[in-house]
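Structure file work-v4.pdb with PDB, C-alpha atoms and all ligand atoms:
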MODEL        1
ATOM      1  CA  MET A   1      77.149 131.943 133.696
ATOM      2  CA  GLN A   2      78.661 128.659 134.816
ATOM      3  CA  LEU A   3      82.375 128.420 134.109
ATOM      4  CA  MET A   4      83.563 125.090 132.721
ATOM      5  CA  SER A   5      86.185 123.476 134.926
ATOM      6  CA  THR A   6      89.544 122.843 133.259
ATOM      7  CA  VAL A   7      88.996 119.102 133.567
ATOM      8  CA  ASP A   8      85.358 119.139 132.484
ATOM      9  CA  VAL A   9      86.155 118.433 128.835
ATOM     10  CA  ASP A  10      84.668 115.719 126.622
ATOM     11  CA  GLY A  11      88.075 114.613 125.410
ATOM     12  CA  LEU A  12      91.702 115.569 125.957
ATOM     13  CA  ARG A  13      92.787 118.573 127.991
ATOM     14  CA  VAL A  14      96.379 119.781 128.325
ATOM     15  CA  ASP A  15      96.662 122.239 131.173
ATOM     16  CA  LYS A  16      99.659 124.599 131.519
ATOM     17  CA  VAL A  17     102.130 121.887 130.570
ATOM     18  CA  VAL A  18     105.841 122.662 130.880
ATOM     19  CA  VAL A  19     108.498 120.200 129.681
ATOM     20  CA  ARG A  20     112.175 120.834 130.359
ATOM     21  CA  PHE A  21     115.081 118.794 129.057
ATOM     22  CA  GLY A  22     117.951 119.841 131.323
ATOM     23  CA  GLY A  23     118.326 123.595 130.790
ATOM     24  CA  LEU A  24     116.087 123.674 127.687
ATOM     25  CA  THR A  25     112.402 124.490 128.060
ATOM     26  CA  ALA A  26     110.880 122.605 125.112
ATOM     27  CA  VAL A  27     107.252 123.396 126.061
ATOM     28  CA  ASP A  28     106.473 126.435 128.171
ATOM     29  CA  GLY A  29     102.900 126.520 129.452
ATOM     30  CA  GLN A  30     100.890 124.778 126.726
ATOM     31  CA  THR A  31      97.148 124.654 127.304
ATOM     32  CA  LEU A  32      94.849 123.075 124.760
ATOM     33  CA  THR A  33      91.664 121.112 124.400
ATOM     34  CA  ALA A  34      90.967 118.360 121.880
ATOM     35  CA  PRO A  35      87.303 117.413 122.360
ATOM     36  CA  ARG A  36      85.218 114.794 120.577
ATOM     37  CA  GLY A  37      83.647 115.869 117.309
ATOM     38  CA  ARG A  38      86.455 118.226 116.356
ATOM     39  CA  ILE A  39      89.815 118.170 114.582
ATOM     40  CA  THR A  40      92.312 120.226 116.545
ATOM     41  CA  GLY A  41      95.634 121.193 114.999
ATOM     42  CA  LEU A  42      98.957 121.862 116.685
ATOM     43  CA  ILE A  43     101.377 123.700 114.418
ATOM     44  CA  GLY A  44     104.580 125.699 114.651
ATOM     45  CA  PRO A  45     108.005 126.007 113.013
ATOM     46  CA  ASN A  46     110.705 123.357 113.455
ATOM     47  CA  GLY A  47     111.700 122.826 117.078
ATOM     48  CA  ALA A  48     108.632 124.692 118.397
ATOM     49  CA  GLY A  49     107.724 121.888 120.822
ATOM     50  CA  LYS A  50     104.897 120.136 118.929
ATOM     51  CA  THR A  51     106.221 116.584 119.265
ATOM     52  CA  THR A  52     107.122 117.163 122.907
ATOM     53  CA  THR A  53     103.556 118.359 123.628
ATOM     54  CA  PHE A  54     102.243 115.313 121.763
ATOM     55  CA  ASN A  55     104.527 113.034 123.782
ATOM     56  CA  ALA A  56     103.326 114.606 127.024
ATOM     57  CA  CYS A  57      99.767 113.711 125.939
ATOM     58  CA  THR A  58     100.607 110.112 125.098
ATOM     59  CA  GLY A  59     102.805 109.566 128.169
ATOM     60  CA  VAL A  60     106.137 109.217 126.390
ATOM     61  CA  VAL A  61     107.500 112.232 128.290
ATOM     62  CA  ARG A  62     106.536 113.347 131.796
ATOM     63  CA  PRO A  63     105.752 117.081 132.118
ATOM     64  CA  THR A  64     107.932 119.086 134.492
ATOM     65  CA  SER A  65     104.702 120.767 135.584
ATOM     66  CA  GLY A  66     101.086 120.992 134.424
ATOM     67  CA  ARG A  67      98.468 118.295 133.984
ATOM     68  CA  VAL A  68      96.935 116.164 131.229
ATOM     69  CA  TYR A  69      93.285 115.072 131.534
ATOM     70  CA  LEU A  70      91.248 112.592 129.500
ATOM     71  CA  PHE A  71      87.472 112.847 129.881
ATOM     72  CA  GLY A  72      88.051 114.683 133.136
ATOM     73  CA  GLU A  73      90.433 112.117 134.600
ATOM     74  CA  ASP A  74      93.964 113.185 135.482
ATOM     75  CA  ILE A  75      96.208 110.905 133.376
ATOM     76  CA  THR A  76      99.441 112.900 133.868
ATOM     77  CA  LYS A  77     101.206 110.051 135.622
ATOM     78  CA  LEU A  78      99.827 107.120 133.622
ATOM     79  CA  PRO A  79     102.091 105.181 131.218
ATOM     80  CA  PRO A  80     101.222 105.138 127.472
ATOM     81  CA  GLN A  81      99.473 101.743 127.489
ATOM     82  CA  ALA A  82      97.164 102.768 130.359
ATOM     83  CA  ARG A  83      96.250 105.937 128.432
ATOM     84  CA  ALA A  84      95.457 103.824 125.362
ATOM     85  CA  LEU A  85      93.146 101.616 127.432
ATOM     86  CA  LYS A  86      91.332 104.749 128.570
ATOM     87  CA  GLY A  87      90.662 105.767 124.961
ATOM     88  CA  LEU A  88      93.704 107.656 123.702
ATOM     89  CA  GLY A  89      94.863 106.239 120.363
ATOM     90  CA  ARG A  90      97.809 107.435 118.301
ATOM     91  CA  THR A  91      99.644 107.043 115.022
ATOM     92  CA  TYR A  92     103.390 107.458 114.601
ATOM     93  CA  GLN A  93     105.398 109.776 112.363
ATOM     94  CA  ARG A  94     107.691 106.855 111.554
ATOM     95  CA  MET A  95     105.034 104.273 110.805
ATOM     96  CA  GLU A  96     105.107 101.252 113.072
ATOM     97  CA  LEU A  97     103.559  98.519 110.953
ATOM     98  CA  PHE A  98     104.466  94.836 111.150
ATOM     99  CA  ASP A  99     105.709  93.658 107.781
ATOM    100  CA  THR A 100     105.396  89.971 108.701
ATOM    101  CA  LEU A 101     101.627  90.431 109.178
ATOM    102  CA  THR A 102      98.979  91.142 106.556
ATOM    103  CA  VAL A 103      97.245  94.504 106.316
ATOM    104  CA  ARG A 104      94.126  92.972 107.927
ATOM    105  CA  GLU A 105      96.189  91.599 110.835
ATOM    106  CA  ASN A 106      97.911  94.954 111.321
ATOM    107  CA  VAL A 107      94.556  96.745 111.373
ATOM    108  CA  SER A 108      93.081  94.188 113.826
ATOM    109  CA  LEU A 109      95.944  94.876 116.232
ATOM    110  CA  GLY A 110      94.382  98.272 116.980
ATOM    111  CA  LYS A 111      91.661  96.507 118.950
ATOM    112  CA  GLU A 112      93.407  93.237 119.788
ATOM    113  CA  ALA A 113      96.095  94.880 121.916
ATOM    114  CA  GLY A 114      93.424  96.625 123.998
ATOM    115  CA  MET A 115      91.394  93.434 124.383
ATOM    116  CA  ALA A 116      94.405  91.504 125.673
ATOM    117  CA  GLY A 117      95.275  94.313 128.100
ATOM    118  CA  ARG A 118      91.752  94.535 129.460
ATOM    119  CA  ASN A 119      91.037  90.837 129.814
ATOM    120  CA  PRO A 120      93.939  88.498 130.554
ATOM    121  CA  PHE A 121      91.594  85.504 130.156
ATOM    122  CA  ALA A 122      90.656  86.495 126.622
ATOM    123  CA  HIS A 123      92.696  83.592 125.300
ATOM    124  CA  PHE A 124      90.472  81.134 127.124
ATOM    125  CA  PHE A 125      86.980  82.634 126.928
ATOM    126  CA  GLY A 126      84.854  84.157 124.224
ATOM    127  CA  ARG A 127      87.386  83.608 121.481
ATOM    128  CA  ARG A 128      84.862  83.229 118.709
ATOM    129  CA  ALA A 129      82.846  86.304 119.712
ATOM    130  CA  GLN A 130      86.019  88.366 119.956
ATOM    131  CA  ALA A 131      87.295  87.131 116.601
ATOM    132  CA  GLU A 132      83.988  88.117 115.026
ATOM    133  CA  GLN A 133      84.123  91.578 116.651
ATOM    134  CA  LEU A 134      87.718  92.053 115.468
ATOM    135  CA  ARG A 135      86.784  91.051 111.941
ATOM    136  CA  ARG A 136      83.895  93.524 111.889
ATOM    137  CA  LEU A 137      85.980  96.390 113.258
ATOM    138  CA  ALA A 138      88.878  95.723 110.882
ATOM    139  CA  ASP A 139      86.535  95.418 107.868
ATOM    140  CA  SER A 140      84.793  98.670 108.661
ATOM    141  CA  ALA A 141      88.073 100.546 109.326
ATOM    142  CA  MET A 142      89.654  99.250 106.097
ATOM    143  CA  GLU A 143      86.557 100.223 104.148
ATOM    144  CA  MET A 144      86.557 103.720 105.633
ATOM    145  CA  CYS A 145      90.211 104.127 104.582
ATOM    146  CA  GLY A 146      89.691 102.576 101.138
ATOM    147  CA  ILE A 147      92.241  99.790 101.676
ATOM    148  CA  THR A 148      89.965  96.713 101.616
ATOM    149  CA  ALA A 149      91.587  95.565  98.370
ATOM    150  CA  PHE A 150      94.964  95.264 100.148
ATOM    151  CA  ALA A 151      93.672  93.256 103.139
ATOM    152  CA  ALA A 152      95.709  90.143 102.327
ATOM    153  CA  GLN A 153      98.907  91.987 101.339
ATOM    154  CA  ARG A 154     101.913  92.837 103.510
ATOM    155  CA  PRO A 155     102.502  96.529 104.323
ATOM    156  CA  ALA A 156     105.994  96.301 102.788
ATOM    157  CA  ASP A 157     104.351  95.822  99.361
ATOM    158  CA  LEU A 158     102.344  99.053  99.650
ATOM    159  CA  SER A 159     103.180 102.681  98.849
ATOM    160  CA  THR A 160     103.860 105.197 101.633
ATOM    161  CA  GLY A 161     100.377 106.666 101.145
ATOM    162  CA  GLN A 162      98.742 103.248 101.455
ATOM    163  CA  ARG A 163     100.813 102.417 104.540
ATOM    164  CA  ARG A 164      99.676 105.671 106.172
ATOM    165  CA  LEU A 165      96.088 104.567 105.564
ATOM    166  CA  VAL A 166      96.812 101.161 107.155
ATOM    167  CA  GLU A 167      98.094 102.957 110.248
ATOM    168  CA  LEU A 168      95.041 105.183 110.354
ATOM    169  CA  ALA A 169      92.759 102.143 109.897
ATOM    170  CA  ARG A 170      94.484 100.413 112.816
ATOM    171  CA  CYS A 171      93.755 103.419 115.016
ATOM    172  CA  ILE A 172      90.131 103.519 113.788
ATOM    173  CA  ALA A 173      89.685  99.773 114.468
ATOM    174  CA  GLY A 174      90.866 100.428 118.026
ATOM    175  CA  GLU A 175      87.683 102.506 118.567
ATOM    176  CA  PHE A 176      89.632 105.204 120.382
ATOM    177  CA  PRO A 177      87.357 108.193 121.071
ATOM    178  CA  ILE A 178      90.404 110.504 120.970
ATOM    179  CA  MET A 179      93.093 110.022 118.322
ATOM    180  CA  LEU A 180      96.484 111.742 118.168
ATOM    181  CA  LEU A 181      98.048 111.845 114.721
ATOM    182  CA  ASP A 182     101.749 112.635 114.419
ATOM    183  CA  GLU A 183     102.543 114.186 111.022
ATOM    184  CA  PRO A 184     100.248 111.770 109.153
ATOM    185  CA  SER A 185     100.841 113.377 105.748
ATOM    186  CA  SER A 186     104.611 112.934 105.882
ATOM    187  CA  GLY A 187     105.700 111.267 102.624
ATOM    188  CA  LEU A 188     102.325 111.750 100.891
ATOM    189  CA  ASP A 189     101.783 113.644  97.629
ATOM    190  CA  GLY A 190      99.141 116.382  97.257
ATOM    191  CA  GLY A 191      96.357 114.045  96.079
ATOM    192  CA  GLU A 192      97.014 111.506  98.839
ATOM    193  CA  THR A 193      97.066 114.271 101.461
ATOM    194  CA  GLU A 194      93.698 115.526 100.233
ATOM    195  CA  GLU A 195      92.239 112.001 100.377
ATOM    196  CA  PHE A 196      93.664 111.527 103.877
ATOM    197  CA  GLY A 197      92.042 114.800 104.999
ATOM    198  CA  SER A 198      88.633 113.792 103.697
ATOM    199  CA  ILE A 199      88.836 110.451 105.568
ATOM    200  CA  LEU A 200      89.565 112.366 108.789
ATOM    201  CA  THR A 201      86.598 114.688 108.238
ATOM    202  CA  THR A 202      84.286 111.699 107.606
ATOM    203  CA  LEU A 203      85.660 109.904 110.661
ATOM    204  CA  VAL A 204      84.828 112.821 112.942
ATOM    205  CA  ALA A 205      81.380 113.352 111.393
ATOM    206  CA  ASP A 206      80.398 109.650 111.443
ATOM    207  CA  ARG A 207      81.919 108.482 114.712
ATOM    208  CA  ASN A 208      82.203 111.617 116.794
ATOM    209  CA  VAL A 209      85.881 110.991 117.576
ATOM    210  CA  GLY A 210      88.166 113.850 118.547
ATOM    211  CA  ILE A 211      91.454 114.263 116.686
ATOM    212  CA  LEU A 212      94.593 116.155 117.678
ATOM    213  CA  ILE A 213      96.913 116.462 114.721
ATOM    214  CA  VAL A 214     100.548 117.605 114.698
ATOM    215  CA  GLU A 215     101.328 118.457 111.116
ATOM    216  CA  HIS A 216     103.707 120.421 108.920
ATOM    217  CA  ASP A 217     101.493 120.289 105.839
ATOM    218  CA  MET A 218      99.612 123.561 106.039
ATOM    219  CA  SER A 219      97.110 122.563 103.324
ATOM    220  CA  LEU A 220      95.980 119.540 105.400
ATOM    221  CA  VAL A 221      95.809 121.574 108.609
ATOM    222  CA  MET A 222      93.928 124.474 107.045
ATOM    223  CA  SER A 223      91.435 122.272 105.193
ATOM    224  CA  THR A 224      90.609 119.817 107.989
ATOM    225  CA  CYS A 225      91.108 121.496 111.372
ATOM    226  CA  ASP A 226      88.247 123.187 113.201
ATOM    227  CA  TYR A 227      90.609 124.901 115.613
ATOM    228  CA  ILE A 228      94.389 125.397 115.639
ATOM    229  CA  HIS A 229      96.989 126.047 118.332
ATOM    230  CA  VAL A 230     100.289 127.633 117.278
ATOM    231  CA  LEU A 231     103.550 127.147 119.163
ATOM    232  CA  ASP A 232     106.842 128.984 118.700
ATOM    233  CA  PHE A 233     109.997 128.335 120.736
ATOM    234  CA  GLY A 234     107.938 126.231 123.153
ATOM    235  CA  LYS A 235     105.407 128.973 123.847
ATOM    236  CA  PRO A 236     101.769 129.052 122.747
ATOM    237  CA  ILE A 237     101.589 132.197 120.579
ATOM    238  CA  PHE A 238      98.141 131.993 118.983
ATOM    239  CA  GLU A 239      94.971 129.913 118.753
ATOM    240  CA  GLY A 240      91.887 130.210 116.616
ATOM    241  CA  THR A 241      90.050 129.005 113.537
ATOM    242  CA  PRO A 242      92.058 128.318 110.348
ATOM    243  CA  SER A 243      91.175 131.724 108.894
ATOM    244  CA  GLU A 244      92.100 133.517 112.129
ATOM    245  CA  VAL A 245      95.442 131.671 112.134
ATOM    246  CA  ALA A 246      96.066 132.440 108.463
ATOM    247  CA  ASN A 247      95.304 136.123 109.105
ATOM    248  CA  SER A 248      97.477 136.455 112.185
ATOM    249  CA  GLU A 249     100.554 138.660 111.777
ATOM    250  CA  LEU A 250     102.041 136.957 114.832
ATOM    251  CA  VAL A 251     101.766 133.544 113.185
ATOM    252  CA  ARG A 252     103.134 134.823 109.880
ATOM    253  CA  SER A 253     106.135 136.344 111.575
ATOM    254  CA  ALA A 254     106.791 133.068 113.435
ATOM    255  CA  TYR A 255     106.900 131.330 110.074
ATOM    256  CA  LEU A 256     109.190 133.901 108.415
ATOM    257  CA  GLY A 257     112.237 132.079 107.158
ATOM    258  CA  THR A 258     110.295 128.880 106.547
ATOM    259  CA  GLN A 259     109.273 129.924 103.056
ATOM    260  CA  GLY A 260     107.283 126.825 102.006
ATOM    261  CA  ASP A 261     105.092 126.868 105.123
ATOM    262  CA  LEU A 262     104.576 130.624 104.862
ATOM    263  CA  GLU A 263     103.441 130.333 101.243
ATOM    264  CA  GLU A 264     100.923 127.626 102.167
ATOM    265  CA  LEU A 265      99.681 129.746 105.055
ATOM    266  CA  GLU A 266      99.186 132.687 102.703
ATOM    267  CA  ALA A 267      97.497 130.419 100.142
ATOM    268  CA  ALA A 268      95.019 129.308 102.834
ATOM    269  CA  ASP A 269      94.208 132.947 103.489
ATOM    270  CA  ALA A 270      93.624 133.734  99.800
TER     271      ALA A 270
HETATM  272  N1  LIG A 301     114.611 114.143 124.407
HETATM  273  C1  LIG A 301     115.063 115.385 124.234
HETATM  274  N2  LIG A 301     116.167 115.813 124.891
HETATM  275  C2  LIG A 301     116.626 117.078 124.750
HETATM  276  N3  LIG A 301     116.045 118.004 123.950
HETATM  277  C3  LIG A 301     114.951 117.634 123.261
HETATM  278  C4  LIG A 301     114.409 116.313 123.366
HETATM  279  N4  LIG A 301     113.301 116.244 122.570
HETATM  280  C5  LIG A 301     113.180 117.453 121.999
HETATM  281  N5  LIG A 301     114.157 118.278 122.410
HETATM  282  C6  LIG A 301     114.322 119.696 122.037
HETATM  283  O1  LIG A 301     113.111 120.356 122.401
HETATM  284  C7  LIG A 301     112.765 121.345 121.424
HETATM  285  C8  LIG A 301     111.379 121.053 120.880
HETATM  286  O2  LIG A 301     111.474 119.871 120.092
HETATM  287  P1  LIG A 301     110.200 119.195 119.415
HETATM  288  O3  LIG A 301     110.683 117.969 118.723
HETATM  289  O4  LIG A 301     109.117 119.047 120.407
HETATM  290  O5  LIG A 301     109.783 120.307 118.358
HETATM  291  P2  LIG A 301     108.819 120.154 117.076
HETATM  292  O6  LIG A 301     107.981 121.372 117.043
HETATM  293  O7  LIG A 301     108.096 118.859 117.120
HETATM  294  O8  LIG A 301     109.878 120.166 115.901
HETATM  295  P3  LIG A 301     109.797 119.507 114.412
HETATM  296  O9  LIG A 301     108.750 120.266 113.684
HETATM  297  O10 LIG A 301     111.153 119.775 113.871
HETATM  298  O11 LIG A 301     109.474 118.043 114.577
HETATM  299  C9  LIG A 301     113.866 121.300 120.370
HETATM  300  O12 LIG A 301     114.804 122.309 120.694
HETATM  301  C10 LIG A 301     114.465 119.917 120.529
HETATM  302  O13 LIG A 301     115.824 119.909 120.138
ENDMDL
END
I need this file expressed as structure tokens, please.
Ligand SMILES: Nc1ncnc2c1ncn2[C@@H]1O[C@H](COP(=O)(O)OP(=O)(O)OP(=O)(O)O)[C@@H](O)[C@H]1O
Amino acid sequence: MQLMSTVDVDGLRVDKVVVRFGGLTAVDGQTLTAPRGRITGLIGPNGAGKTTTFNACTGVVRPTSGRVYLFGEDITKLPPQARALKGLGRTYQRMELFDTLTVRENVSLGKEAGMAGRNPFAHFFGRRAQAEQLRRLADSAMEMCGITAFAAQRPADLSTGQRRLVELARCIAGEFPIMLLDEPSSGLDGGETEEFGSILTTLVADRNVGILIVEHDMSLVMSTCDYIHVLDFGKPIFEGTPSEVANSELVRSAYLGTQGDLEELEAADA
């Protein structure tokens, strides 16, 4: 049998990452893989180290030790923008939409920013072809997220659920093969969360992207993720399929005291 190298992954690979803030070890040896064609979840109680792991992937924090690879390339020391140009897209927990721009313009930015970074002469050459490509990508992303009707509106005029979809559409328009979603269901009601989950499932099936999702909403995680990693106090404590996670005594005990999450975990196991 040929063993797969740690970097030989068709997507994102986090390898034994440790992040310390002064005397506090926020992440203590996290290893995970988020390949194309799969939705990977990262869950854990408050303060478990999820956001810090996420930030180590996107380049917002530098690991104390360990490596981060994207399609086999070591990106541990690259800044966030360079990681985005290599195919790592992300959404933000606190949505970062531009309220002076229309929804269509916000969605187009997903690709536009990358185009400008890649080709500094883009302003002089091929403008029409690029504009046409941007229009196509934005149209298709808005359609996938069901927000075409709001294309000419400003994000400030939309509900939280609709704004979340604009952010997702911007990431989709960017054509990132790997997408990191930071608590995307925050502020959404049950119906909106369900709709969001079905868009993610379609996205992975239709475009073969890989998604790593940090999420508190257990119903979204359990219904969309193919594989889940669980952190507690910075340490990876369990990984497996949603039903394996829901059945794990170790995971349940980590969630004791967080009654809402525990109930949703138990509901997923029912
Ligand atoms: N910049 C920082 N400086 C110092 N400590 C930090 C910093 N960022 C996070 N921490 C600490 O690291 C630990 C992990 O935090 P992190 O935000 O990664 O957890 P989390 O699982 O995302 O939590 P939550 O679910 O509440 O968002 C916490 O104890 C937090 O207080």
Subject >> Near-region 219-235 of chain A list (7 Å; all atoms listed in the file; drop same-chain fewer than 5 positions) as number ranges by chain >> reply: A: 25-30, 38-45, 47-49, 193-194, 197, 201, 240-242, 254, 264, 268
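Of note, CA of Thr76 (chain A) and CA of Val251 (chain A) are spaced 29.3 Å apart.
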Subject >> Residues returned when the PyMOL selection byres (((chain A and resi 140) around 12) and not hetatm) runs on this file, as a PyMOL selection string >> reply: chain A and resi 104+107-108+133-139+141-148+151+169-175+203+207
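Residues lying within 10 Å of Pro79 (chain A), counting all atoms listed in the file and ignoring same-chain neighbours fewer than 2 positions away, are Thr58, Gly59, Val60, Val61, Arg62, Ile75, Thr76, Lys77, Gln81, Ala82, Arg83 and Ala84 of chain A.
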Report the centre and edge lengths, in Å to one decimal, of an axis-aligned box enclosing every atom of region 87-102 of chain A listed in the file, padded by 6 Å on each side, as lines of an AutoDock Vina configuration file.
center_x = 99.2
center_y = 99.9
center_z = 115.8
size_x = 29.0
size_y = 31.8
size_z = 30.4
